[in-house]
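Below: final.cif (mmCIF, C-alpha atoms)
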data_data
loop_
_atom_site.group_PDB
_atom_site.id
_atom_site.type_symbol
_atom_site.label_atom_id
_atom_site.label_comp_id
_atom_site.auth_asym_id
_atom_site.auth_seq_id
_atom_site.Cartn_x
_atom_site.Cartn_y
_atom_site.Cartn_z
ATOM 1 C CA MET K 724 70.802 65.120 -56.133
ATOM 2 C CA SER K 725 69.826 66.819 -52.877
ATOM 3 C CA ASN K 726 66.438 68.523 -52.625
ATOM 4 C CA PRO K 727 66.549 71.306 -53.608
ATOM 5 C CA PRO K 728 69.727 70.614 -55.635
ATOM 6 C CA SER K 729 72.881 72.613 -54.882
ATOM 7 C CA ARG K 730 74.206 75.042 -57.473
ATOM 8 C CA LYS K 731 76.822 72.537 -58.638
ATOM 9 C CA GLU K 732 74.345 69.655 -58.776
ATOM 10 C CA LEU K 733 71.911 71.694 -60.851
ATOM 11 C CA LEU K 734 74.652 72.920 -63.216
ATOM 12 C CA ASP K 735 75.925 69.326 -63.651
ATOM 13 C CA HIS K 736 72.348 68.257 -64.421
ATOM 14 C CA ILE K 737 71.982 71.084 -66.970
ATOM 15 C CA ASN K 738 75.267 70.064 -68.605
ATOM 16 C CA ALA K 739 74.165 66.418 -68.804
ATOM 17 C CA VAL K 740 70.692 66.970 -70.246
ATOM 18 C CA SER K 741 71.984 69.719 -72.584
ATOM 19 C CA PHE K 742 74.595 67.330 -73.906
ATOM 20 C CA ALA K 743 71.879 64.771 -74.613
ATOM 21 C CA VAL K 744 70.034 67.470 -76.587
ATOM 22 C CA ASP K 745 73.230 68.503 -78.456
ATOM 23 C CA ASP K 746 73.959 64.919 -79.429
ATOM 24 C CA VAL K 747 70.465 63.837 -80.483
ATOM 25 C CA LYS K 748 70.061 67.100 -82.426
ATOM 26 C CA LEU K 749 72.953 66.084 -84.701
ATOM 27 C CA PHE K 750 71.475 62.583 -85.061
ATOM 28 C CA LEU K 751 68.083 64.053 -85.999
ATOM 29 C CA ASP K 752 69.696 66.275 -88.665
ATOM 30 C CA THR K 753 70.575 63.133 -90.632
ATOM 31 C CA HIS K 754 67.655 60.968 -89.338
ATOM 32 C CA PRO K 755 64.732 63.454 -89.242
ATOM 33 C CA CYS K 756 62.051 60.695 -89.272
ATOM 34 C CA ASP K 757 63.438 58.617 -86.376
ATOM 35 C CA GLU K 758 60.588 58.462 -83.832
ATOM 36 C CA ASP K 759 62.669 57.155 -80.921
ATOM 37 C CA ALA K 760 65.210 59.958 -81.383
ATOM 38 C CA MET K 761 62.398 62.500 -81.600
ATOM 39 C CA ALA K 762 60.854 61.238 -78.330
ATOM 40 C CA TYR K 763 64.301 61.357 -76.678
ATOM 41 C CA PHE K 764 64.783 64.914 -77.929
ATOM 42 C CA ARG K 765 61.398 66.040 -76.550
ATOM 43 C CA GLU K 766 62.082 64.512 -73.135
ATOM 44 C CA TYR K 767 65.590 65.949 -72.687
ATOM 45 C CA SER K 768 64.692 69.312 -74.184
ATOM 46 C CA ARG K 769 61.868 69.620 -71.625
ATOM 47 C CA MET K 770 64.224 68.677 -68.748
ATOM 48 C CA ARG K 771 66.795 71.179 -70.007
ATOM 49 C CA ASN K 772 64.340 74.067 -70.239
ATOM 50 C CA GLU K 773 62.922 73.358 -66.770
ATOM 51 C CA ALA K 774 66.405 73.160 -65.238
ATOM 52 C CA LEU K 775 67.520 76.399 -66.948
ATOM 53 C CA LYS K 776 64.475 78.184 -65.505
ATOM 54 C CA GLU K 777 65.105 76.796 -62.010
ATOM 55 C CA TYR K 778 68.796 77.751 -62.203
ATOM 56 C CA ALA K 779 67.959 81.299 -63.292
ATOM 57 C CA ALA K 780 65.464 81.706 -60.441
ATOM 58 C CA ARG K 781 67.809 80.379 -57.742
ATOM 59 C CA PHE K 782 71.337 81.240 -58.923
ATOM 60 C CA GLY K 783 71.141 83.659 -61.876
ATOM 61 C CA PRO K 784 70.620 83.203 -65.611
ATOM 62 C CA LEU K 785 72.713 81.024 -67.934
ATOM 63 C CA THR K 786 70.764 82.231 -70.987
ATOM 64 C CA VAL K 787 69.256 85.584 -71.894
ATOM 65 C CA ASP K 788 65.842 83.944 -72.369
ATOM 66 C CA THR K 789 65.785 82.751 -68.757
ATOM 67 C CA ALA K 790 67.067 86.065 -67.321
ATOM 68 C CA VAL K 791 63.415 87.069 -66.709
ATOM 69 C CA TYR K 792 63.112 84.279 -64.089
ATOM 70 C CA SER K 793 65.895 85.796 -61.987
ATOM 71 C CA CYS K 794 64.631 86.892 -58.570
ATOM 72 C CA SER K 795 66.759 90.045 -58.610
ATOM 73 C CA ASP K 796 65.554 93.450 -59.883
ATOM 74 C CA LYS K 797 68.929 94.245 -61.389
ATOM 75 C CA TRP K 798 70.854 92.761 -64.324
ATOM 76 C CA THR K 799 72.538 89.645 -62.875
ATOM 77 C CA TRP K 800 73.874 88.216 -66.201
ATOM 78 C CA ILE K 801 77.293 89.750 -65.487
ATOM 79 C CA ASP K 802 77.430 88.921 -61.764
ATOM 80 C CA ASP K 803 78.332 85.263 -61.535
ATOM 81 C CA PRO K 804 81.710 83.962 -62.688
ATOM 82 C CA TRP K 805 82.157 83.348 -66.412
ATOM 83 C CA PRO K 806 82.512 79.668 -67.253
ATOM 84 C CA TRP K 807 86.295 79.785 -67.721
ATOM 85 C CA GLN K 808 86.765 81.408 -64.312
ATOM 86 C CA GLU K 809 87.085 79.740 -60.913
ATOM 87 C CA GLY K 810 83.622 78.662 -59.707
ATOM 88 C CA GLY K 811 82.160 79.095 -63.188
ATOM 89 C CA CYS K 812 82.011 75.369 -63.963
ATOM 90 C CA MET I 1274 72.005 84.456 -85.376
ATOM 91 C CA TRP I 1275 73.744 83.060 -82.339
ATOM 92 C CA GLY I 1276 73.114 83.274 -78.586
ATOM 93 C CA TYR I 1277 75.513 82.738 -75.707
ATOM 94 C CA GLU I 1278 74.978 80.220 -72.934
ATOM 95 C CA LYS I 1279 76.939 80.975 -69.795
ATOM 96 C CA ARG I 1280 78.426 77.499 -69.252
ATOM 97 C CA LEU I 1281 80.909 75.214 -70.985
ATOM 98 C CA GLN I 1282 79.625 72.248 -73.001
ATOM 99 C CA TYR I 1283 81.705 70.063 -70.646
ATOM 100 C CA PRO I 1284 83.255 71.462 -67.437
ATOM 101 C CA VAL I 1285 86.918 72.486 -67.194
ATOM 102 C CA ASN I 1286 88.317 72.783 -63.637
ATOM 103 C CA ILE I 1287 92.125 72.728 -63.677
ATOM 104 C CA LYS I 1288 93.858 73.305 -60.329
ATOM 105 C CA GLN I 1289 97.528 73.072 -61.368
ATOM 106 C CA THR I 1290 99.010 75.478 -63.948
ATOM 107 C CA ASN I 1291 101.258 74.025 -66.662
ATOM 108 C CA PRO I 1292 102.397 76.587 -69.283
ATOM 109 C CA LYS I 1293 104.346 73.971 -71.246
ATOM 110 C CA LEU I 1294 101.208 71.898 -71.797
ATOM 111 C CA ALA I 1295 99.189 75.065 -72.541
ATOM 112 C CA GLN I 1296 101.559 75.846 -75.407
ATOM 113 C CA ILE I 1297 100.792 72.411 -76.910
ATOM 114 C CA ILE I 1298 97.022 72.456 -76.337
ATOM 115 C CA ILE I 1299 96.651 75.982 -77.806
ATOM 116 C CA THR I 1300 97.056 74.329 -81.222
ATOM 117 C CA GLN I 1301 93.438 73.128 -80.897
ATOM 118 C CA PHE I 1302 92.459 76.826 -80.693
ATOM 119 C CA GLY I 1303 94.419 78.280 -83.613
ATOM 120 C CA GLY I 1304 96.306 75.390 -85.203
ATOM 121 C CA PRO I 1305 95.696 73.626 -88.559
ATOM 122 C CA ASP I 1306 93.287 71.013 -87.142
ATOM 123 C CA GLY I 1307 91.877 73.183 -84.349
ATOM 124 C CA GLU I 1308 88.351 74.072 -83.320
ATOM 125 C CA LEU I 1309 88.337 77.600 -84.785
ATOM 126 C CA ALA I 1310 89.236 76.262 -88.237
ATOM 127 C CA ALA I 1311 86.653 73.488 -87.850
ATOM 128 C CA SER I 1312 83.883 75.942 -87.031
ATOM 129 C CA MET I 1313 84.804 78.354 -89.839
ATOM 130 C CA ARG I 1314 85.040 75.463 -92.325
ATOM 131 C CA TYR I 1315 81.513 74.137 -91.672
ATOM 132 C CA LEU I 1316 79.871 77.527 -91.223
ATOM 133 C CA SER I 1317 81.424 78.708 -94.524
ATOM 134 C CA GLN I 1318 80.464 75.617 -96.494
ATOM 135 C CA ARG I 1319 76.772 75.567 -95.537
ATOM 136 C CA TYR I 1320 75.476 78.506 -97.619
ATOM 137 C CA THR I 1321 75.599 76.687 -100.950
ATOM 138 C CA MET I 1322 74.696 73.240 -99.573
ATOM 139 C CA PRO I 1323 71.451 72.223 -101.354
ATOM 140 C CA TYR I 1324 70.359 69.374 -99.049
ATOM 141 C CA LYS I 1325 68.536 70.438 -95.892
ATOM 142 C CA GLN I 1326 69.860 67.595 -93.697
ATOM 143 C CA VAL I 1327 73.443 68.470 -94.635
ATOM 144 C CA ALA I 1328 72.981 72.244 -94.241
ATOM 145 C CA GLY I 1329 71.553 71.465 -90.778
ATOM 146 C CA THR I 1330 74.491 69.208 -89.906
ATOM 147 C CA LEU I 1331 77.032 71.851 -91.010
ATOM 148 C CA THR I 1332 75.209 74.534 -88.995
ATOM 149 C CA ASP I 1333 74.877 72.480 -85.816
ATOM 150 C CA ILE I 1334 78.370 70.946 -85.872
ATOM 151 C CA GLY I 1335 79.850 74.367 -86.798
ATOM 152 C CA THR I 1336 78.064 75.777 -83.750
ATOM 153 C CA GLU I 1337 79.254 72.977 -81.458
ATOM 154 C CA GLU I 1338 82.849 73.646 -82.601
ATOM 155 C CA LEU I 1339 82.535 77.185 -81.169
ATOM 156 C CA ALA I 1340 81.683 75.597 -77.812
ATOM 157 C CA HIS I 1341 84.734 73.338 -78.188
ATOM 158 C CA MET I 1342 86.898 76.370 -78.956
ATOM 159 C CA GLU I 1343 85.652 77.890 -75.692
ATOM 160 C CA MET I 1344 86.607 74.708 -73.796
ATOM 161 C CA ILE I 1345 90.122 74.719 -75.315
ATOM 162 C CA CYS I 1346 90.553 78.409 -74.470
ATOM 163 C CA SER I 1347 89.377 77.701 -70.910
ATOM 164 C CA ILE I 1348 91.935 74.878 -70.603
ATOM 165 C CA VAL I 1349 94.765 77.118 -71.893
ATOM 166 C CA HIS I 1350 93.633 79.992 -69.648
ATOM 167 C CA GLN I 1351 93.466 77.812 -66.542
ATOM 168 C CA LEU I 1352 96.875 76.289 -67.318
ATOM 169 C CA THR I 1353 98.446 79.763 -67.492
ATOM 170 C CA ARG I 1354 96.567 81.959 -65.012
ATOM 171 C CA ASN I 1355 98.534 83.777 -62.324
ATOM 172 C CA LEU I 1356 101.932 82.693 -63.684
ATOM 173 C CA THR I 1357 104.929 84.464 -62.209
ATOM 174 C CA PRO I 1358 107.753 85.857 -64.396
ATOM 175 C CA GLU I 1359 109.978 83.072 -62.996
ATOM 176 C CA GLU I 1360 107.512 80.332 -63.996
ATOM 177 C CA ILE I 1361 107.190 81.902 -67.465
ATOM 178 C CA GLU I 1362 110.943 81.976 -67.901
ATOM 179 C CA GLN I 1363 111.523 78.399 -66.693
ATOM 180 C CA SER I 1364 108.709 76.828 -68.749
ATOM 181 C CA GLY I 1365 109.608 78.327 -72.119
ATOM 182 C CA PHE I 1366 106.335 80.291 -72.194
ATOM 183 C CA GLY I 1367 108.268 83.554 -72.634
ATOM 184 C CA THR I 1368 108.036 83.543 -76.439
ATOM 185 C CA TYR I 1369 104.215 83.578 -76.212
ATOM 186 C CA TYR I 1370 104.059 85.856 -73.160
ATOM 187 C CA VAL I 1371 106.112 88.627 -74.736
ATOM 188 C CA ASP I 1372 103.495 89.100 -77.490
ATOM 189 C CA HIS I 1373 100.244 88.218 -75.696
ATOM 190 C CA THR I 1374 100.965 88.347 -71.929
ATOM 191 C CA LEU I 1375 98.439 85.787 -70.546
ATOM 192 C CA ALA I 1376 95.693 86.513 -73.106
ATOM 193 C CA LEU I 1377 94.351 83.958 -75.574
ATOM 194 C CA TRP I 1378 95.414 84.328 -79.204
ATOM 195 C CA PRO I 1379 94.761 81.766 -81.952
ATOM 196 C CA GLN I 1380 98.027 80.150 -82.943
ATOM 197 C CA SER I 1381 99.418 76.666 -83.541
ATOM 198 C CA ALA I 1382 101.676 74.930 -81.018
ATOM 199 C CA ALA I 1383 104.683 76.019 -83.085
ATOM 200 C CA GLY I 1384 103.524 79.668 -83.009
ATOM 201 C CA SER I 1385 102.022 80.086 -86.523
ATOM 202 C CA PRO I 1386 99.046 82.465 -86.468
ATOM 203 C CA TRP I 1387 95.591 81.038 -87.254
ATOM 204 C CA THR I 1388 94.845 81.175 -90.954
ATOM 205 C CA ALA I 1389 91.907 80.319 -93.222
ATOM 206 C CA THR I 1390 94.372 78.521 -95.525
ATOM 207 C CA VAL I 1391 94.077 75.421 -93.303
ATOM 208 C CA PHE I 1392 90.560 74.701 -94.622
ATOM 209 C CA GLN I 1393 88.655 74.657 -97.862
ATOM 210 C CA SER I 1394 85.128 75.670 -98.812
ATOM 211 C CA LYS I 1395 85.039 74.217 -102.298
ATOM 212 C CA GLY I 1396 81.389 74.493 -103.284
ATOM 213 C CA ASP I 1397 81.007 70.801 -104.183
ATOM 214 C CA PRO I 1398 79.270 68.623 -101.555
ATOM 215 C CA ILE I 1399 81.256 65.432 -102.213
ATOM 216 C CA THR I 1400 84.543 67.359 -102.012
ATOM 217 C CA ASP I 1401 83.574 69.386 -98.935
ATOM 218 C CA LEU I 1402 82.204 66.406 -96.986
ATOM 219 C CA HIS I 1403 85.358 64.400 -97.643
ATOM 220 C CA GLU I 1404 87.323 67.389 -96.310
ATOM 221 C CA ASP I 1405 85.029 67.530 -93.266
ATOM 222 C CA MET I 1406 85.443 63.826 -92.481
ATOM 223 C CA ALA I 1407 89.227 64.154 -92.833
ATOM 224 C CA ALA I 1408 89.169 67.246 -90.591
ATOM 225 C CA GLU I 1409 87.407 65.328 -87.815
ATOM 226 C CA GLN I 1410 89.987 62.542 -88.029
ATOM 227 C CA LYS I 1411 92.890 65.023 -88.028
ATOM 228 C CA ALA I 1412 91.487 66.645 -84.903
ATOM 229 C CA ARG I 1413 90.997 63.206 -83.318
ATOM 230 C CA THR I 1414 94.680 62.384 -83.992
ATOM 231 C CA THR I 1415 95.717 65.734 -82.469
ATOM 232 C CA TYR I 1416 93.739 64.928 -79.314
ATOM 233 C CA ASP I 1417 95.340 61.456 -79.198
ATOM 234 C CA ASN I 1418 98.753 63.159 -79.463
ATOM 235 C CA ILE I 1419 97.836 65.584 -76.650
ATOM 236 C CA LEU I 1420 96.641 62.685 -74.456
ATOM 237 C CA ARG I 1421 100.070 61.009 -74.771
ATOM 238 C CA LEU I 1422 101.708 64.142 -73.328
ATOM 239 C CA ALA I 1423 99.126 65.228 -70.741
ATOM 240 C CA LYS I 1424 99.193 63.505 -67.343
ATOM 241 C CA ASP I 1425 96.900 65.768 -65.273
ATOM 242 C CA PRO I 1426 93.439 64.109 -65.023
ATOM 243 C CA ASP I 1427 91.853 67.603 -64.838
ATOM 244 C CA VAL I 1428 93.217 68.202 -68.370
ATOM 245 C CA CYS I 1429 92.776 64.689 -69.818
ATOM 246 C CA ASP I 1430 89.089 64.472 -68.882
ATOM 247 C CA PRO I 1431 87.805 67.399 -71.037
ATOM 248 C CA ILE I 1432 90.316 66.489 -73.812
ATOM 249 C CA ARG I 1433 88.824 62.971 -73.931
ATOM 250 C CA PHE I 1434 85.342 64.492 -74.247
ATOM 251 C CA LEU I 1435 86.506 66.616 -77.203
ATOM 252 C CA ARG I 1436 88.190 63.589 -78.805
ATOM 253 C CA GLU I 1437 84.951 61.602 -78.624
ATOM 254 C CA ARG I 1438 83.011 64.413 -80.273
ATOM 255 C CA GLU I 1439 85.357 64.234 -83.288
ATOM 256 C CA ILE I 1440 84.311 60.610 -83.777
ATOM 257 C CA VAL I 1441 80.582 61.438 -83.519
ATOM 258 C CA HIS I 1442 80.958 64.333 -85.971
ATOM 259 C CA TYR I 1443 82.843 62.049 -88.380
ATOM 260 C CA GLN I 1444 79.888 59.658 -88.231
ATOM 261 C CA ARG I 1445 77.357 62.443 -88.945
ATOM 262 C CA PHE I 1446 79.409 63.741 -91.890
ATOM 263 C CA GLY I 1447 79.582 60.183 -93.236
ATOM 264 C CA GLU I 1448 75.785 60.025 -93.127
ATOM 265 C CA SER I 1449 75.667 63.448 -94.801
ATOM 266 C CA LEU I 1450 77.833 62.126 -97.636
ATOM 267 C CA ARG I 1451 75.459 59.186 -98.064
ATOM 268 C CA ILE I 1452 72.489 61.590 -98.227
ATOM 269 C CA VAL I 1453 74.282 63.635 -100.903
ATOM 270 C CA GLN I 1454 75.058 60.519 -102.963
ATOM 271 C CA ASP I 1455 71.469 59.254 -102.601
ATOM 272 C CA ASN I 1456 70.405 62.476 -104.337
ATOM 273 C CA LEU I 1457 72.869 62.058 -107.227
ATOM 274 C CA ASP I 1458 73.049 59.800 -110.274
ATOM 275 C CA SER I 1459 74.049 56.416 -108.813
ATOM 276 C CA LYS I 1460 75.856 55.525 -112.079
ATOM 277 C CA ASN I 1461 78.002 58.687 -111.935
ATOM 278 C CA PHE I 1462 78.143 60.769 -108.746
ATOM 279 C CA TYR I 1463 80.223 63.338 -110.617
ATOM 280 C CA ALA I 1464 77.833 63.964 -113.528
ATOM 281 C CA ILE I 1465 76.808 67.305 -112.011
ATOM 282 C CA ASN I 1466 77.806 69.484 -109.063
ATOM 283 C CA PRO I 1467 74.511 70.075 -107.204
ATOM 284 C CA GLU I 1468 75.946 73.244 -105.626
ATOM 285 C CA PHE I 1469 76.427 74.744 -109.109
ATOM 286 C CA ASP I 1470 74.727 72.919 -111.949
ATOM 287 C CA VAL I 1471 71.246 72.571 -110.425
ATOM 288 C CA ARG I 1472 69.728 76.053 -110.225
ATOM 289 C CA GLN I 1473 66.567 75.193 -108.366
ATOM 290 C CA ASN I 1474 65.437 75.147 -104.789
ATOM 291 C CA ASN I 1475 66.127 71.675 -103.439
ATOM 292 C CA ASN I 1476 65.144 72.643 -99.930
ATOM 293 C CA CYS I 1477 61.502 71.597 -100.323
ATOM 294 C CA ARG I 1478 61.924 67.943 -101.165
#

Rewritten as structure tokens:
Amino acid sequence: MSNPPSRKELLDHINAVSFAVDDVKLFLDTHPCDEDAMAYFREYSRMRNEALKEYAARFGPLTVDTAVYSCSDKWTWIDDPWPWQEGGC
Amino acid sequence: MWGYEKRLQYPVNIKQTNPKLAQIIITQFGGPDGELAASMRYLSQRYTMPYKQVAGTLTDIGTEELAHMEMICSIVHQLTRNLTPEEIEQSGFGTYYVDHTLALWPQSAAGSPWTATVFQSKGDPITDLHEDMAAEQKARTTYDNILRLAKDPDVCDPIRFLREREIVHYQRFGESLRIVQDNLDSKNFYAINPEFDVRQNNNCR
């Protein structure tokens, strides 16, 4: 990843760490006392939340909860392409 | 309560349209073993599920299926965007186009509208979890069938991701079934239906 990461690099990073959270979340549902899985969840959840904040500040929000970190005064949620559109992935 | 995240669970970037393939892949939107049916199945079954691990699994997998539905719709949309009337006519997409233009509508590959009759919410955890495990395998077979017909790597890559998730979900539902059976009479799993015969709050164990 370049420093600071490009929009695509940061979105790819968000997708990767979010997938780790999605997957370990299902594992924890059926293994709620697994300490290794819990530590993995904490680590990736932290990385995900930090990356979502950084993305919102630099490129616009992906979640409503991070829309407050956007540097714009206006509502940017609707500005960037939707994920099914060109440039949205 | 649900919230929207403005990204796909796994990216879909298709450069080359292919309406013929779109008409096959749309079955994972509105077909019998598709993502919409999967999500509705698990999110319907969870309300009477007495075991917290299993109610959590149904909620979280049911939610992930909505994200998979969005990926399938994105694939179909990108395979059909900006088609010309000539391309529609030559590819056999005209039968879909005449009713829906280029919009997404949940139907099977053969054109049957999406229906709740493709899934069951039976109110018995052993029965429902066997249905859920079968559903994941049916979806996995459908993705294997799609992968035999799809050649474009931009299409195959996200389809392979979805196929792998079916296998993980199958595993989690298998563990859910074990949790249910661990809570039942080991000499006769069918002695009672814990979604009906036990009228107490099991959520605090």

*Spell out the residues picked by the PyMOL selection byres ((chain I and resi 1459-1469) around 8) here, as number ranges by chain.*
I: 1321-1323, 1396-1398, 1454-1455, 1457-1458, 1470-1472

*Residues of chain K near chain I: apply a cut-off of 6 Å, count all atoms listed in the file, and supply the list as a ChimeraX atom specification.*
/K:752-753,785-786,806-807,812

*Go through the shown structure with the PyMOL selection byres ((chain K and resi 770) around 12) and write out the matching residues as a PyMOL selection string.*
chain K and resi 733+736-744+763-769+771-777

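Residue membership of the PyMOL selection byres ((chain K and resi 783) around 9) in the shown file amounts to Tyr778, Ala779, Ala780, Arg781, Phe782, Pro784, Leu785, Thr789, Ala790, Tyr792, Ser793, Cys794, Ser795, Thr799, Trp800, Asp802 and Asp803 of chain K.
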
What box, with edges along x, y and z, holds each listed atom of region 749-753 of chain K when 4 Å is added on every side, and can you state its centre and edge lengths in Å to one decimal, as lines of an AutoDock Vina configuration file?
center_x = 70.5
center_y = 64.4
center_z = -87.7
size_x = 12.9
size_y = 11.7
size_z = 13.9
